[in-house]
>>> print(open('upload-v1.cif').read())   # mmCIF, C-alpha atoms
data_target
#
loop_
_atom_site.label_atom_id
_atom_site.label_comp_id
_atom_site.auth_asym_id
_atom_site.auth_seq_id
_atom_site.Cartn_x
_atom_site.Cartn_y
_atom_site.Cartn_z
CA MET A 225 27.71 27.86 -66.15
CA LYS A 226 25.87 30.92 -67.47
CA ALA A 227 22.60 29.73 -65.89
CA LEU A 228 24.32 29.39 -62.52
CA LEU A 229 25.63 32.94 -62.80
CA VAL A 230 22.17 34.28 -63.68
CA LEU A 231 20.59 32.43 -60.75
CA SER A 232 23.28 33.74 -58.40
CA VAL A 233 22.71 37.32 -59.54
CA LEU A 234 18.93 36.94 -59.16
CA LEU A 235 19.42 35.55 -55.66
CA LEU A 236 21.71 38.40 -54.61
CA VAL A 237 19.79 41.24 -56.25
CA PHE A 238 16.18 40.17 -55.81
CA ALA A 239 15.66 37.31 -53.36
CA LEU A 240 17.98 38.29 -50.50
CA PRO A 241 16.78 41.90 -50.10
CA THR A 242 13.14 40.80 -50.45
CA CYS A 243 13.48 38.03 -47.87
CA GLY A 244 15.48 40.26 -45.56
CA LEU A 245 12.88 43.04 -45.64
CA TRP A 246 10.07 40.51 -45.22
CA LEU A 247 11.71 38.95 -42.14
CA LEU A 248 12.54 42.35 -40.67
CA GLY A 249 8.93 43.47 -41.17
CA ARG A 250 7.51 40.31 -39.62
CA TRP A 251 9.88 40.70 -36.66
CA ALA A 252 8.53 44.25 -36.21
CA LYS A 253 4.96 42.83 -36.38
CA VAL A 254 4.04 44.69 -39.58
CA PRO A 255 0.98 43.07 -41.21
CA ALA A 256 1.67 40.84 -44.18
CA TRP A 257 -0.51 42.93 -46.50
CA MET A 258 1.56 46.05 -45.73
CA LEU A 259 4.79 44.20 -46.45
CA THR A 260 3.38 42.84 -49.69
CA VAL A 261 2.29 46.29 -50.87
CA PHE A 262 5.63 47.81 -49.83
CA LEU A 263 7.71 45.18 -51.63
CA ALA A 264 5.57 45.18 -54.78
CA ALA A 265 5.59 48.99 -55.00
CA GLY A 266 9.31 49.16 -54.30
CA TRP A 267 10.25 46.64 -56.97
CA LEU A 268 7.83 48.28 -59.42
CA ALA A 269 9.50 51.66 -58.81
CA VAL A 270 12.95 50.13 -59.35
CA LEU A 271 11.89 48.34 -62.54
CA VAL A 272 10.02 51.28 -64.09
CA GLY A 273 12.75 53.74 -63.08
CA GLY A 274 15.37 51.56 -64.74
CA LEU A 275 13.31 51.27 -67.90
CA LEU A 276 12.61 55.02 -68.04
CA SER A 277 16.24 55.98 -67.55
CA GLN A 278 17.61 53.52 -70.11
CA ARG A 279 15.02 53.80 -72.87
CA ALA A 280 17.11 55.96 -75.21
CA GLN A 281 20.32 53.97 -74.80
CA PRO A 282 21.24 51.83 -77.83
CA ALA A 283 21.97 48.60 -75.94
CA LEU A 284 21.67 45.64 -78.32
CA PHE A 285 20.16 47.10 -81.46
CA PRO A 286 21.25 50.71 -82.05
CA GLU A 287 18.75 51.05 -84.92
CA THR A 288 15.86 50.66 -82.46
CA SER A 289 16.98 53.50 -80.19
CA PRO A 290 14.65 56.53 -80.28
CA CYS A 291 17.76 58.68 -80.76
CA HIS A 292 19.11 56.74 -83.75
CA GLY A 293 20.00 59.30 -86.38
CA ALA A 294 18.29 62.09 -84.45
CA GLY A 295 20.70 62.86 -81.63
CA THR A 296 22.78 61.60 -78.73
CA PRO A 297 21.11 59.63 -75.90
CA VAL A 298 21.27 61.18 -72.42
CA SER A 299 20.01 59.50 -69.23
CA ARG A 300 18.95 60.94 -65.88
CA TYR A 301 18.46 58.56 -62.97
CA LEU A 302 16.42 60.53 -60.44
CA PRO A 303 13.82 61.43 -61.50
CA PRO A 304 14.32 58.78 -64.17
CA ASP A 305 14.10 59.99 -67.74
CA SER A 306 15.84 59.55 -71.10
CA PHE A 307 16.50 62.31 -73.57
CA CYS A 308 17.85 62.82 -77.05
CA ARG A 309 20.30 65.72 -77.37
CA HIS A 310 19.76 67.10 -80.84
CA ASP A 311 22.23 69.06 -82.99
CA ASP A 312 20.79 72.39 -81.81
CA GLY A 313 21.49 71.39 -78.16
CA GLU A 314 17.86 70.85 -77.20
CA LEU A 315 17.00 67.90 -74.96
CA ARG A 316 13.77 66.09 -75.85
CA SER A 317 12.36 63.37 -73.62
CA VAL A 318 11.62 59.99 -75.17
CA ASN A 319 9.34 58.89 -72.31
CA GLY A 320 5.67 59.65 -72.09
CA PRO A 321 3.77 60.83 -69.01
CA LEU A 322 2.27 57.39 -68.23
CA GLY A 323 5.59 55.76 -67.35
CA LYS A 324 6.55 58.71 -65.16
CA LEU A 325 3.15 58.57 -63.44
CA VAL A 326 3.58 54.85 -62.71
CA PHE A 327 7.05 55.51 -61.28
CA TRP A 328 5.90 58.33 -58.99
CA LEU A 329 2.84 56.40 -57.79
CA ALA A 330 4.95 53.34 -57.00
CA LEU A 331 7.61 55.40 -55.26
CA GLY A 332 4.98 57.31 -53.26
CA THR A 333 3.30 54.09 -52.21
CA ALA A 334 6.60 52.52 -51.21
CA GLY A 335 7.37 55.64 -49.17
CA ALA A 336 3.94 55.88 -47.53
CA VAL A 337 3.67 52.29 -46.32
CA PRO A 338 6.49 52.51 -43.71
CA GLY A 339 4.93 55.73 -42.41
CA ALA A 340 1.55 54.02 -42.15
CA ALA A 341 3.15 51.10 -40.33
CA LEU A 342 4.72 53.48 -37.80
CA VAL A 343 1.42 55.31 -37.22
CA ARG A 344 -0.37 51.96 -36.84
CA ARG A 345 2.24 50.77 -34.35
CA ARG A 346 1.99 53.95 -32.24
CA THR A 347 -1.80 53.83 -32.07
CA GLU A 348 -1.69 50.19 -30.87
CA SER A 349 0.74 50.94 -28.05
#
>>> encode(input="upload-v1.cif", output="structure tokens")
Amino acid sequence: MKALLVLSVLLLVFALPTCGLWLLGRWAKVPAWMLTVFLAAGWLAVLVGGLLSQRAQPALFPETSPCHGAGTPVSRYLPPDSFCRHDDGELRSVNGPLGKLVFWLALGTAGAVPGAALVRRRTES
């Protein structure tokens, strides 16, 4: 029963939006390579953003949290980041610059591809 629930959630969260965007893009005559780049960059931005914003949270093993014993975990969702609030009130990020760079590059790519598709479509007309 648990496997069926997991498959249903994966279908609703991942497969349906991906297939819907793919079909909408093909209907609008967007090249397949543009759709592939858009979908890959979009899902990468969602995945990395989720990881960055939840990194300090003590989900399953509180001892492995970067804030364990050092402060209270605080999350920010856009731009995604996790912090530890220390006893003196200072917020210190637990994420490095590489994860943030990957997020912003993926988000920028996912935002630029629809614009490129519109420019391409206007120049063909």
>>> residues_around(input="upload-v1.cif", residues="A:Gln281", least_positions_apart="6", cutoff="9 Å", atoms="only C-alpha atoms", output="list in words")
Ser289, Pro290, Cys291, Thr296, Pro297, Val298, Ser299 and Ser306 of chain A
>>> residues_around(input="upload-v1.cif", residues="stretch 245-261 of chain A", least_positions_apart="6", cutoff="8 Å", atoms="only C-alpha atoms", output="PyMOL selection string")
chain A and resi 333-334+337+341
>>> write_last_selection(input="upload-v1.cif", atoms="C-alpha atoms", output="PDB file, keeping the file's coordinate frame")
ATOM      1  CA  THR A 333       3.300  54.090 -52.210  1.00  0.00           C
ATOM      2  CA  ALA A 334       6.600  52.520 -51.210  1.00  0.00           C
ATOM      3  CA  VAL A 337       3.670  52.290 -46.320  1.00  0.00           C
ATOM      4  CA  ALA A 341       3.150  51.100 -40.330  1.00  0.00           C
TER       5      ALA A 341
END
>>> residues_around(input="upload-v1.cif", residues="A:Gly335", least_positions_apart="4", cutoff="9 Å", atoms="only C-alpha atoms", output="list in words")
Phe262, Gly266, Ala330, Leu331 and Gly339 of chain A
>>> residues_near_point(input="upload-v1.cif", point="(19.0, 52.4, -69.4)", cutoff="10 Å", atoms="all atoms listed in the file", output="NGL selection string")
:A and (273-283 or 297-301 or 304-306)
>>> resolve_selection(input="upload-v1.cif", expression="the PyMOL selection byres ((chain A and resi 311) around 9)", output="number ranges by chain")
A: 294-296, 309-310, 312-314
>>> atom_distance(input="upload-v1.cif", atom1="atom CA of A:Ala265", atom2="atom CA of A:Trp328")
10.2 Å
>>> atom_distance(input="upload-v1.cif", atom1="atom CA of A:Pro321", atom2="atom CA of A:Pro303")
12.6 Å
>>> atom_distance(input="upload-v1.cif", atom1="atom CA of A:Gly320", atom2="atom CA of A:Pro338")
29.3 Å
>>> closest_residue(input="upload-v1.cif", among="A:Val318, A:Leu329, A:Leu302, A:Leu229", to="A:Ala264", atoms="all atoms listed in the file")
A:Leu329
>>> closest_residue(input="upload-v1.cif", among="A:Gly332, A:Phe327, A:Thr347, A:Ala227", to="A:Leu268", atoms="only C-alpha atoms")
A:Phe327
>>> decode(input="upload-v1.cif", residues="stretch 234-275 of chain A", atoms="N, CA and C atoms", output="compact mmCIF listing (two decimals), in the first residue's frame")
# COMPACT_ATOMS: atom_id res chain seq x y z
N LEU A 234 4.48 10.54 -6.79
CA LEU A 234 5.44 10.82 -7.86
C LEU A 234 4.73 11.16 -9.16
N LEU A 235 3.65 10.46 -9.46
CA LEU A 235 2.88 10.76 -10.67
C LEU A 235 2.29 12.16 -10.62
N LEU A 236 1.69 12.52 -9.48
CA LEU A 236 1.05 13.83 -9.37
C LEU A 236 2.04 14.98 -9.31
N VAL A 237 3.17 14.78 -8.63
CA VAL A 237 4.10 15.87 -8.41
C VAL A 237 5.11 16.01 -9.55
N PHE A 238 5.54 14.92 -10.12
CA PHE A 238 6.60 14.97 -11.12
C PHE A 238 6.10 14.70 -12.54
N ALA A 239 5.45 13.58 -12.74
CA ALA A 239 5.12 13.15 -14.10
C ALA A 239 4.05 14.01 -14.77
N LEU A 240 2.99 14.32 -14.08
CA LEU A 240 1.91 15.10 -14.71
C LEU A 240 2.34 16.51 -15.12
N PRO A 241 3.00 17.28 -14.24
CA PRO A 241 3.45 18.61 -14.69
C PRO A 241 4.48 18.52 -15.82
N THR A 242 5.38 17.53 -15.76
CA THR A 242 6.39 17.40 -16.81
C THR A 242 5.73 17.06 -18.14
N CYS A 243 4.85 16.09 -18.14
CA CYS A 243 4.15 15.72 -19.38
C CYS A 243 3.27 16.85 -19.89
N GLY A 244 2.60 17.54 -18.98
CA GLY A 244 1.76 18.65 -19.40
C GLY A 244 2.55 19.77 -20.05
N LEU A 245 3.69 20.13 -19.45
CA LEU A 245 4.53 21.17 -20.04
C LEU A 245 5.14 20.72 -21.37
N TRP A 246 5.52 19.44 -21.44
CA TRP A 246 6.07 18.91 -22.68
C TRP A 246 5.03 18.99 -23.80
N LEU A 247 3.81 18.54 -23.53
CA LEU A 247 2.76 18.56 -24.56
C LEU A 247 2.38 19.99 -24.94
N LEU A 248 2.32 20.87 -23.97
CA LEU A 248 2.03 22.28 -24.27
C LEU A 248 3.12 22.89 -25.13
N GLY A 249 4.38 22.59 -24.82
CA GLY A 249 5.49 23.09 -25.62
C GLY A 249 5.50 22.53 -27.03
N ARG A 250 5.20 21.25 -27.17
CA ARG A 250 5.16 20.65 -28.52
C ARG A 250 4.00 21.23 -29.32
N TRP A 251 2.87 21.49 -28.65
CA TRP A 251 1.74 22.09 -29.34
C TRP A 251 2.10 23.49 -29.84
N ALA A 252 2.92 24.22 -29.08
CA ALA A 252 3.35 25.56 -29.46
C ALA A 252 4.56 25.52 -30.41
N LYS A 253 4.97 24.32 -30.83
CA LYS A 253 6.07 24.11 -31.77
C LYS A 253 7.42 24.60 -31.23
N VAL A 254 7.62 24.42 -29.93
CA VAL A 254 8.92 24.71 -29.31
C VAL A 254 9.82 23.51 -29.57
N PRO A 255 11.06 23.71 -29.97
CA PRO A 255 11.95 22.58 -30.25
C PRO A 255 12.15 21.69 -29.01
N ALA A 256 12.35 20.42 -29.28
CA ALA A 256 12.48 19.45 -28.19
C ALA A 256 13.69 19.77 -27.30
N TRP A 257 14.77 20.27 -27.88
CA TRP A 257 15.95 20.56 -27.06
C TRP A 257 15.67 21.70 -26.09
N MET A 258 14.86 22.68 -26.50
CA MET A 258 14.51 23.78 -25.60
C MET A 258 13.64 23.28 -24.45
N LEU A 259 12.70 22.40 -24.77
CA LEU A 259 11.85 21.86 -23.72
C LEU A 259 12.66 21.01 -22.73
N THR A 260 13.60 20.24 -23.26
CA THR A 260 14.44 19.41 -22.40
C THR A 260 15.27 20.27 -21.46
N VAL A 261 15.88 21.32 -21.99
CA VAL A 261 16.69 22.22 -21.15
C VAL A 261 15.80 22.91 -20.11
N PHE A 262 14.64 23.37 -20.53
CA PHE A 262 13.72 24.05 -19.62
C PHE A 262 13.28 23.13 -18.47
N LEU A 263 12.87 21.91 -18.80
CA LEU A 263 12.40 20.99 -17.78
C LEU A 263 13.53 20.55 -16.85
N ALA A 264 14.70 20.26 -17.41
CA ALA A 264 15.83 19.85 -16.57
C ALA A 264 16.26 20.99 -15.64
N ALA A 265 16.35 22.20 -16.16
CA ALA A 265 16.75 23.34 -15.32
C ALA A 265 15.68 23.65 -14.28
N GLY A 266 14.44 23.55 -14.65
CA GLY A 266 13.36 23.81 -13.69
C GLY A 266 13.34 22.82 -12.54
N TRP A 267 13.45 21.53 -12.85
CA TRP A 267 13.46 20.53 -11.80
C TRP A 267 14.74 20.62 -10.96
N LEU A 268 15.85 20.98 -11.59
CA LEU A 268 17.09 21.16 -10.83
C LEU A 268 16.95 22.32 -9.84
N ALA A 269 16.34 23.42 -10.28
CA ALA A 269 16.13 24.57 -9.40
C ALA A 269 15.21 24.19 -8.24
N VAL A 270 14.17 23.42 -8.51
CA VAL A 270 13.25 23.00 -7.44
C VAL A 270 13.97 22.09 -6.44
N LEU A 271 14.73 21.13 -6.95
CA LEU A 271 15.43 20.18 -6.08
C LEU A 271 16.50 20.87 -5.24
N VAL A 272 17.35 21.67 -5.87
CA VAL A 272 18.42 22.36 -5.14
C VAL A 272 17.85 23.38 -4.16
N GLY A 273 16.80 24.10 -4.57
CA GLY A 273 16.16 25.06 -3.67
C GLY A 273 15.58 24.38 -2.44
N GLY A 274 14.96 23.23 -2.63
CA GLY A 274 14.43 22.48 -1.50
C GLY A 274 15.53 22.01 -0.56
N LEU A 275 16.62 21.52 -1.15
CA LEU A 275 17.74 21.06 -0.32
C LEU A 275 18.39 22.22 0.44
